[in-house]
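Here is the structure we will look at, set down as structure tokens.
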Amino acid sequence: MAEVKLEGVNKRFVDHTALSGISLEIAEGEFFTLLGPSGCGKTTALRLVAGLELADQGRIWIGDRDVTLLAPAQRRVAMVFQNYALYPHMSIAENISYPLRIRKMPKDRIQDKVNSVADKLYLGGLLDRMPSQVSGGQQQRVAVARAMVQDPLVYLFDEPLSNLDARLRLEARRFLKRIQRETGITAIYVTHDQTEAMAMSDRVAVLNDGRLMQVASPEKIYAEPANVFVAGFVGSPPMNLIEGKVEKEGLGSRFFAGEFSVELKDNIPLENGANMTLGIRPEHVFFEPGEGFLRYEALIDDVEQLGSEMIFSLSIGEVVLLSRVWKGHAPNTGERAEIYLDPSAFHVFDDKGNRIPCGSLGISRG
Amino acid sequence: MRGKGRPFILLALALIGIFFLLPMLWLVLTPFSAEPTLAVKVAQPSLNNFHEVAKNRTALIAFKNSIILSAGSMFLVVLFGSLAAYALSRTRFAGRDTILSMLLLFSSVVTGVAAMVPIYTLNSRLHLIDTHIGVILIFTAGFLPTAIFILKDFMDGIPRSYEEAALVDGSSSINLFRHVAFPLARQGLAVIAVLTFVNTWSNFLVPFVLIRSNEKLPIAVAIYQFFTEVGIPRIGVIAAYSLLYTLPVLVIYFWISRRYGFGFFGGIKG
């Protein structure tokens with residue numbers, strides 16, 4: 001296993017810039033996820049580490065070797081592709097053993113390694129079949145087996161679960177995490193599914209439009225998103241983001257968004273008239289009062305019954321908020337209700353969308 | 001097609017069909033006649049014609065020569081065609097598309113009548129006159145451009161993800177070709193192999209120009225001799241010989257069709 005480092009990496013394609021100024025340090029044995037929407041550059045970054053693309057600027061290290069200009073074969077990485085890329089004309093056993101065969105490993109050693117990896121991944125009786133003759137889940141494990149058999153320094157996963165159906169995906173998720181933990185090999189994982197990223201990773205790098213938005217542990221990304229993009233991307237349903245303005249009156253200041261307003265404490269470093277975005281997660285929008293909560297009156301626009309929980313869509317004037325509550329007291333669509341916001345759960349973002357740290361003391365009842 | 005015109009059109013089609021079918025029927029039936037004529041029937045059933053062919057040493061050697069020429073060309077075209085098509089498919093360089101369009105034109109030039117004098121001169125200078133390899137090389141050069149054009153299209157259809165997986169698995173470029181591209185292009189290669197064989201099997205002009213000795217002539221040229229031996233065409237023997245002549249092509253076609261199938265745009269499963 002080895003650590004991976006990217007320094008100042010830029011990558012341009014003919015008509016757009018895929019990555020700019022990417023610098024990352026991934027620790028040895030870490031499960032590190034690149035998360036972001038389609039087109040954000042996460043797969044490009046992975047391919048750069050694999051050696052399938054060449055960076056325009058910057059350097060890439062695997063361990064203490066500068067691999068920036070090395071061919072994939074020389075980097076000692078193993079990749080699991082989104083569509084598995086199993087060689088259709090080779091049997092399962094031949095697929096798994098391919099990397100070893102072209103490295104001219106002795107036949108009996110190859111045999112042993114293939115069998116041991118196949119057992120670990122429950123592929124035992126399938127070794128003589130062709131890829132088209134096994135199920136999607138099995139194909140995925142074959143792809144993983146082909147990577148494992150190489151004892152690489154780094155595993156590279158390119159959305160390996162996205163072709164599986166929902167139930168299989170959950171099982172496979174836990175399975176992959178277990179394998180990575182057991183082998184202790186550094187893993188770089190690409191996905192657009194934020195639940196996957198949160199569930200599996202030691203740390204997550206959120207990308208948007210070729211740039212790094214935030215690199216932190218899943219907990220930190222959820223609790224302290226660095227900007228509006230991360231705040232809205234991670235979390236399901238997404239964080240409520242209310243855009244409005246700051247108004248300073250004498251010694252105090254308030255945040256206004258139409259009919260909705262909140263008093264801010266003086267230590268908010270924003271000028272009078274500045275744009276501000278206020279964020280609060282749906283699970284912090286309550287129908288019951290609590291200690292220090294702020295009370296508002298809202299109109300219930302819609303309810304989604306999800307079985308264990310309910311998602312409410314409600315509006316305070318023009319401002320639309322989502323609320324997520326477990327089963328309990330629930331108003332109906334069309335009714336007016338009292339809602340309570342927990343000010344310690346507010347997130348404040350400046351006019352550029354960047355986080356302004358503020359404790360629960362930063363905001364109080366309006 | 002409806003109503004009035006229909007019966008007439010069907011009649012016309014039937015007549016055309018018979019027109020084309022008759023010579024083939026003649027070819028299949030006549031060898032088995034002892035007193036062959038130009039009529040389509042088996043006059044006196046006998047296998048005598050085949051015996052005559054079997055006795056004729058030149059005829060049998062010509063058979064062998066035809067196989068050597070066609071199989072040799074087939075082998076070279078498949079090998080070099082696949083390599084070139086792979087390179088053209090996977091690389092990008094200025095002028096690539098121009099080359100591709102020009103390829104299609106080159107084919108008809110090399111084995112056309114107009115090129116015979118230059119070809120003779122070329123082979124003469126290379127001391128390849130009256131050799132099999134000389135003919136094979138000309139056949140290959142003649143068919144290669146078309147083959148490359150067709151194969152490149154086929155190679156384009158092979159998803160790059162297999163090669164990328166192979167690259168990260170540790171392959172060199174040669175490995176990529178040997179283990180991934182070549183096997184996956186099987187069906188296109190099968191088509192090219194058959195096309196090459198068929199095109200060279202009945203080619204008269206090139207071996208006629210380039211080969212001097214009787215014992216090196218392929219059937220296409222040798223069959224001429226059966227005409228001129230006595231001045232009177234020995235129809236039965238010629239028919240028998242011709243029938244046997246068509247067999248290898250049929251064999252190759254069915255064998256390859258069985259083994260690989262002819263799926264040009266079938267795509268790759270699995």
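Chain lettering (A, B, ...) mirrors the order of the structure tokens, residue numbering begins at 1 for each chain separately, and ligand numbering begins at 1 in order of display.
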_If the cut-off is 9 Å, can you tell me the residues of chain B near chain A, counting only C-alpha atoms? I'd like them as a PyMOL selection string._
chain B and resi 161-172+175+180+183-184+268-270
I'd like to know which residues of range 49-215 of chain A are strand (DSSP E) (by DSSP, run on the backbone); could you write them as a PyMOL selection string?
chain A and resi 57-62+65-66+77-80+154-158+186-191+203-208+211-215
Using DSSP secondary structure from the backbone, list all helix (DSSP H, G or I) positions within range 68-312 of chain A, as a PDB file with C-alpha atoms, in the first residue's frame.
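File produced: part-v4.pdb:
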ATOM      1  CA  PRO A  72      -0.155   2.517 -16.308  1.00  0.00           C
ATOM      2  CA  ALA A  73       1.724  -0.760 -16.336  1.00  0.00           C
ATOM      3  CA  GLN A  74       4.531   0.776 -14.333  1.00  0.00           C
ATOM      4  CA  ILE A  92     -13.540 -15.864 -15.616  1.00  0.00           C
ATOM      5  CA  ALA A  93     -10.327 -17.562 -14.573  1.00  0.00           C
ATOM      6  CA  GLU A  94      -8.487 -16.148 -17.563  1.00  0.00           C
ATOM      7  CA  ASN A  95      -9.859 -12.704 -16.831  1.00  0.00           C
ATOM      8  CA  ILE A  96      -8.680 -12.796 -13.257  1.00  0.00           C
ATOM      9  CA  SER A  97      -5.304 -14.226 -14.132  1.00  0.00           C
ATOM     10  CA  TYR A  98      -4.643 -11.913 -17.060  1.00  0.00           C
ATOM     11  CA  PRO A  99      -2.519  -9.356 -15.162  1.00  0.00           C
ATOM     12  CA  LEU A 100      -0.429 -12.179 -13.754  1.00  0.00           C
ATOM     13  CA  ARG A 101      -0.064 -13.988 -17.040  1.00  0.00           C
ATOM     14  CA  LYS A 107       1.639 -21.030 -13.767  1.00  0.00           C
ATOM     15  CA  ASP A 108       1.179 -22.772 -10.439  1.00  0.00           C
ATOM     16  CA  ARG A 109       1.528 -19.539  -8.517  1.00  0.00           C
ATOM     17  CA  ILE A 110      -1.066 -17.973 -10.781  1.00  0.00           C
ATOM     18  CA  GLN A 111      -3.381 -20.887 -10.130  1.00  0.00           C
ATOM     19  CA  ASP A 112      -3.040 -20.485  -6.369  1.00  0.00           C
ATOM     20  CA  LYS A 113      -3.585 -16.766  -6.381  1.00  0.00           C
ATOM     21  CA  VAL A 114      -6.622 -16.978  -8.635  1.00  0.00           C
ATOM     22  CA  ASN A 115      -8.197 -19.663  -6.494  1.00  0.00           C
ATOM     23  CA  SER A 116      -7.590 -17.827  -3.259  1.00  0.00           C
ATOM     24  CA  VAL A 117      -8.992 -14.553  -4.564  1.00  0.00           C
ATOM     25  CA  ALA A 118     -11.957 -16.315  -6.169  1.00  0.00           C
ATOM     26  CA  ASP A 119     -12.781 -17.968  -2.868  1.00  0.00           C
ATOM     27  CA  LYS A 120     -12.643 -14.717  -0.982  1.00  0.00           C
ATOM     28  CA  GLY A 124     -15.637 -20.486  -6.585  1.00  0.00           C
ATOM     29  CA  GLY A 125     -17.586 -22.522  -9.129  1.00  0.00           C
ATOM     30  CA  LEU A 126     -17.644 -19.901 -11.845  1.00  0.00           C
ATOM     31  CA  PRO A 131     -18.374 -13.223 -18.517  1.00  0.00           C
ATOM     32  CA  SER A 132     -21.646 -13.231 -20.399  1.00  0.00           C
ATOM     33  CA  GLN A 133     -22.745 -16.287 -18.480  1.00  0.00           C
ATOM     34  CA  GLY A 136     -24.103  -8.523 -12.948  1.00  0.00           C
ATOM     35  CA  GLY A 137     -23.164  -8.861  -9.315  1.00  0.00           C
ATOM     36  CA  GLN A 138     -20.814 -11.705 -10.118  1.00  0.00           C
ATOM     37  CA  GLN A 139     -19.264  -9.776 -12.967  1.00  0.00           C
ATOM     38  CA  GLN A 140     -18.575  -6.964 -10.579  1.00  0.00           C
ATOM     39  CA  ARG A 141     -16.812  -9.289  -8.174  1.00  0.00           C
ATOM     40  CA  VAL A 142     -14.747 -10.676 -11.040  1.00  0.00           C
ATOM     41  CA  ALA A 143     -13.625  -7.149 -11.825  1.00  0.00           C
ATOM     42  CA  VAL A 144     -12.674  -6.689  -8.175  1.00  0.00           C
ATOM     43  CA  ALA A 145     -10.917 -10.047  -8.188  1.00  0.00           C
ATOM     44  CA  ARG A 146      -8.870  -9.029 -11.199  1.00  0.00           C
ATOM     45  CA  ALA A 147      -7.756  -5.975  -9.237  1.00  0.00           C
ATOM     46  CA  MET A 148      -7.085  -7.805  -5.989  1.00  0.00           C
ATOM     47  CA  ALA A 166     -30.475  -1.002  -5.547  1.00  0.00           C
ATOM     48  CA  ARG A 167     -30.476  -3.977  -3.207  1.00  0.00           C
ATOM     49  CA  LEU A 168     -27.314  -5.458  -4.643  1.00  0.00           C
ATOM     50  CA  ARG A 169     -25.683  -2.087  -4.360  1.00  0.00           C
ATOM     51  CA  LEU A 170     -26.090  -2.011  -0.580  1.00  0.00           C
ATOM     52  CA  GLU A 171     -24.589  -5.462  -0.164  1.00  0.00           C
ATOM     53  CA  ALA A 172     -21.775  -4.717  -2.555  1.00  0.00           C
ATOM     54  CA  ARG A 173     -21.045  -1.458  -0.756  1.00  0.00           C
ATOM     55  CA  ARG A 174     -20.444  -3.172   2.531  1.00  0.00           C
ATOM     56  CA  PHE A 175     -18.560  -5.915   0.791  1.00  0.00           C
ATOM     57  CA  LEU A 176     -16.131  -3.549  -0.913  1.00  0.00           C
ATOM     58  CA  LYS A 177     -15.509  -1.641   2.282  1.00  0.00           C
ATOM     59  CA  ARG A 178     -14.747  -4.872   4.104  1.00  0.00           C
ATOM     60  CA  ILE A 179     -12.335  -6.035   1.418  1.00  0.00           C
ATOM     61  CA  GLN A 180     -10.521  -2.725   1.511  1.00  0.00           C
ATOM     62  CA  ARG A 181     -10.240  -2.805   5.253  1.00  0.00           C
ATOM     63  CA  GLU A 182      -8.967  -6.356   5.266  1.00  0.00           C
ATOM     64  CA  THR A 183      -6.318  -5.786   2.629  1.00  0.00           C
ATOM     65  CA  GLN A 194     -23.359  11.007  -1.945  1.00  0.00           C
ATOM     66  CA  THR A 195     -24.844   8.276   0.259  1.00  0.00           C
ATOM     67  CA  GLU A 196     -22.223   5.863  -1.016  1.00  0.00           C
ATOM     68  CA  ALA A 197     -19.485   8.382  -0.389  1.00  0.00           C
ATOM     69  CA  MET A 198     -20.669   9.077   3.126  1.00  0.00           C
ATOM     70  CA  ALA A 199     -21.091   5.427   4.009  1.00  0.00           C
ATOM     71  CA  MET A 200     -17.809   4.092   2.737  1.00  0.00           C
ATOM     72  CA  PRO A 218     -17.916  12.545   5.872  1.00  0.00           C
ATOM     73  CA  GLU A 219     -19.034  13.858   9.266  1.00  0.00           C
ATOM     74  CA  LYS A 220     -17.341  17.195   8.755  1.00  0.00           C
ATOM     75  CA  ILE A 221     -18.646  17.565   5.234  1.00  0.00           C
ATOM     76  CA  TYR A 222     -22.135  16.978   6.493  1.00  0.00           C
ATOM     77  CA  ALA A 223     -21.930  19.105   9.612  1.00  0.00           C
ATOM     78  CA  VAL A 228     -23.141  26.365  -0.743  1.00  0.00           C
ATOM     79  CA  PHE A 229     -22.379  23.696  -3.328  1.00  0.00           C
ATOM     80  CA  VAL A 230     -21.255  21.119  -0.796  1.00  0.00           C
ATOM     81  CA  ALA A 231     -24.106  22.073   1.509  1.00  0.00           C
ATOM     82  CA  GLY A 232     -26.673  21.430  -1.193  1.00  0.00           C
ATOM     83  CA  PHE A 233     -25.012  18.349  -2.629  1.00  0.00           C
ATOM     84  CA  PRO A 282     -34.600  19.439   6.788  1.00  0.00           C
ATOM     85  CA  GLU A 283     -34.073  17.347   9.905  1.00  0.00           C
ATOM     86  CA  HIS A 284     -33.633  20.572  11.879  1.00  0.00           C
TER      87      HIS A 284
END
Nearest to Val221 in chain B by atom-to-atom distance, counting only C-alpha atoms, from B:Ser101, B:Ser70, B:Ser202, B:Ser82 |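 The shortest atom-to-atom distance to Val221 in chain B comes from B:Ser202.
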Atom pair CA of His16 in chain A + CA of Asp209 in chain A, distance 10.0 Å
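Between CA of Ser162 in chain A and CA of Leu35 in chain A the interatomic distance comes to 13.4 Å.
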Between CA of Gly8 in chain A and CA of Gly58 in chain A lies a distance of 4.6 Å
Item to complete: Excluding Thr131 in chain B and any residue of its chain fewer than 5 positions from it, enumerate the residues within 8 Å of it, using only C-alpha atoms, and give them as JSON, numbers by chain.
Response: {"B": [210, 211, 216]}
Judged by only C-alpha atoms, the minimum distance to Ala84 in chain B among B:Tyr241, B:Trp201, B:Tyr260, B:Phe182 is found for B:Phe182
| field | Non-local contacts of Ala27 in chain A (9 Å; only C-alpha atoms; under 6 positions in same chain excluded) as a list of chain:residue names | value |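 Listed by chain and then number, they are A:Ala2, A:Glu3, A:Val4, A:Lys5, A:Thr186.
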key: Counting only C-alpha atoms, the residue of B:Ala14, B:Val251, B:Leu122, B:Val237 that sits nearest Leu47 in chain B   =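 Of all the options, B:Val237 lies closest to Leu47 in chain B.
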Name all residues at most 7 Å from Ala216 in chain A (count only C-alpha atoms; drop same-chain ones fewer than 6 positions away) and give them as a list in words.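 My reading of the contact set: Arg203, Val204 and Ala205 of chain A.
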* Would you mind listing what lies within 12 Å of Phe208 in chain B as a list of chain:residue names, with only C-alpha atoms counted and same-chain residues fewer than 5 positions away left out? => B:Val113, B:Met116, B:Tyr120, B:Ile129, B:Asp130, B:Thr131, B:His132, B:Val135, B:Ser202, B:Asn203, B:Ser213, B:Asn214, B:Lys216, B:Leu217, B:Pro218, B:Ile219, B:Ala220, B:Val221, B:Ala222, B:Ile223, B:Tyr224
What does the file look like for those residues with N, CA and C atoms, as a PDB file, in the first residue's frame?
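Resulting contents of result14.pdb:
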ATOM      1  N   VAL B 113      -5.821  -3.992 -64.984  1.00  0.00           N
ATOM      2  CA  VAL B 113      -5.059  -4.273 -66.208  1.00  0.00           C
ATOM      3  C   VAL B 113      -3.983  -3.223 -66.450  1.00  0.00           C
ATOM      4  N   MET B 116      -0.493  -3.789 -65.049  1.00  0.00           N
ATOM      5  CA  MET B 116       0.229  -5.040 -65.303  1.00  0.00           C
ATOM      6  C   MET B 116       1.670  -4.833 -65.748  1.00  0.00           C
ATOM      7  N   TYR B 120       4.795  -6.157 -63.651  1.00  0.00           N
ATOM      8  CA  TYR B 120       5.768  -7.085 -64.201  1.00  0.00           C
ATOM      9  C   TYR B 120       7.183  -6.560 -64.000  1.00  0.00           C
ATOM     10  N   ILE B 129       9.757 -12.915 -60.550  1.00  0.00           N
ATOM     11  CA  ILE B 129       8.982 -13.478 -61.652  1.00  0.00           C
ATOM     12  C   ILE B 129       8.985 -14.992 -61.527  1.00  0.00           C
ATOM     13  N   ASP B 130       7.857 -15.583 -61.840  1.00  0.00           N
ATOM     14  CA  ASP B 130       7.741 -17.037 -61.802  1.00  0.00           C
ATOM     15  C   ASP B 130       7.886 -17.615 -60.388  1.00  0.00           C
ATOM     16  N   THR B 131       7.522 -16.815 -59.390  1.00  0.00           N
ATOM     17  CA  THR B 131       7.504 -17.359 -58.034  1.00  0.00           C
ATOM     18  C   THR B 131       6.099 -17.188 -57.463  1.00  0.00           C
ATOM     19  N   HIS B 132       5.781 -18.067 -56.529  1.00  0.00           N
ATOM     20  CA  HIS B 132       4.489 -17.930 -55.866  1.00  0.00           C
ATOM     21  C   HIS B 132       4.449 -16.697 -54.984  1.00  0.00           C
ATOM     22  N   VAL B 135       3.451 -13.500 -56.644  1.00  0.00           N
ATOM     23  CA  VAL B 135       2.011 -13.352 -56.871  1.00  0.00           C
ATOM     24  C   VAL B 135       1.283 -13.051 -55.563  1.00  0.00           C
ATOM     25  N   SER B 202     -10.046 -16.833 -58.056  1.00  0.00           N
ATOM     26  CA  SER B 202     -10.382 -16.850 -59.482  1.00  0.00           C
ATOM     27  C   SER B 202      -9.628 -15.800 -60.278  1.00  0.00           C
ATOM     28  N   ASN B 203      -8.629 -15.189 -59.681  1.00  0.00           N
ATOM     29  CA  ASN B 203      -7.885 -14.165 -60.388  1.00  0.00           C
ATOM     30  C   ASN B 203      -6.994 -14.772 -61.471  1.00  0.00           C
ATOM     31  N   SER B 213       6.310 -20.897 -65.534  1.00  0.00           N
ATOM     32  CA  SER B 213       6.348 -22.363 -65.621  1.00  0.00           C
ATOM     33  C   SER B 213       4.986 -22.969 -65.389  1.00  0.00           C
ATOM     34  N   ASN B 214       4.729 -23.997 -66.166  1.00  0.00           N
ATOM     35  CA  ASN B 214       3.441 -24.671 -66.085  1.00  0.00           C
ATOM     36  C   ASN B 214       3.128 -25.214 -64.711  1.00  0.00           C
ATOM     37  N   LYS B 216       3.693 -24.141 -61.926  1.00  0.00           N
ATOM     38  CA  LYS B 216       3.387 -23.179 -60.877  1.00  0.00           C
ATOM     39  C   LYS B 216       2.061 -22.472 -61.099  1.00  0.00           C
ATOM     40  N   LEU B 217       1.404 -22.804 -62.186  1.00  0.00           N
ATOM     41  CA  LEU B 217       0.184 -22.099 -62.512  1.00  0.00           C
ATOM     42  C   LEU B 217      -0.975 -22.511 -61.623  1.00  0.00           C
ATOM     43  N   PRO B 218      -1.802 -21.538 -61.219  1.00  0.00           N
ATOM     44  CA  PRO B 218      -3.022 -21.885 -60.486  1.00  0.00           C
ATOM     45  C   PRO B 218      -4.123 -22.292 -61.454  1.00  0.00           C
ATOM     46  N   ILE B 219      -5.203 -22.760 -60.944  1.00  0.00           N
ATOM     47  CA  ILE B 219      -6.273 -23.291 -61.775  1.00  0.00           C
ATOM     48  C   ILE B 219      -6.799 -22.265 -62.773  1.00  0.00           C
ATOM     49  N   ALA B 220      -6.932 -21.046 -62.293  1.00  0.00           N
ATOM     50  CA  ALA B 220      -7.519 -20.026 -63.155  1.00  0.00           C
ATOM     51  C   ALA B 220      -6.813 -19.945 -64.505  1.00  0.00           C
ATOM     52  N   VAL B 221      -5.513 -20.159 -64.491  1.00  0.00           N
ATOM     53  CA  VAL B 221      -4.749 -20.114 -65.728  1.00  0.00           C
ATOM     54  C   VAL B 221      -4.673 -21.505 -66.368  1.00  0.00           C
ATOM     55  N   ALA B 222      -4.497 -22.504 -65.507  1.00  0.00           N
ATOM     56  CA  ALA B 222      -4.291 -23.858 -66.031  1.00  0.00           C
ATOM     57  C   ALA B 222      -5.509 -24.386 -66.772  1.00  0.00           C
ATOM     58  N   ILE B 223      -6.645 -23.938 -66.350  1.00  0.00           N
ATOM     59  CA  ILE B 223      -7.871 -24.472 -66.960  1.00  0.00           C
ATOM     60  C   ILE B 223      -7.935 -24.110 -68.435  1.00  0.00           C
ATOM     61  N   TYR B 224      -7.200 -23.123 -68.787  1.00  0.00           N
ATOM     62  CA  TYR B 224      -7.043 -22.724 -70.177  1.00  0.00           C
ATOM     63  C   TYR B 224      -6.529 -23.889 -71.021  1.00  0.00           C
TER      64      TYR B 224
END
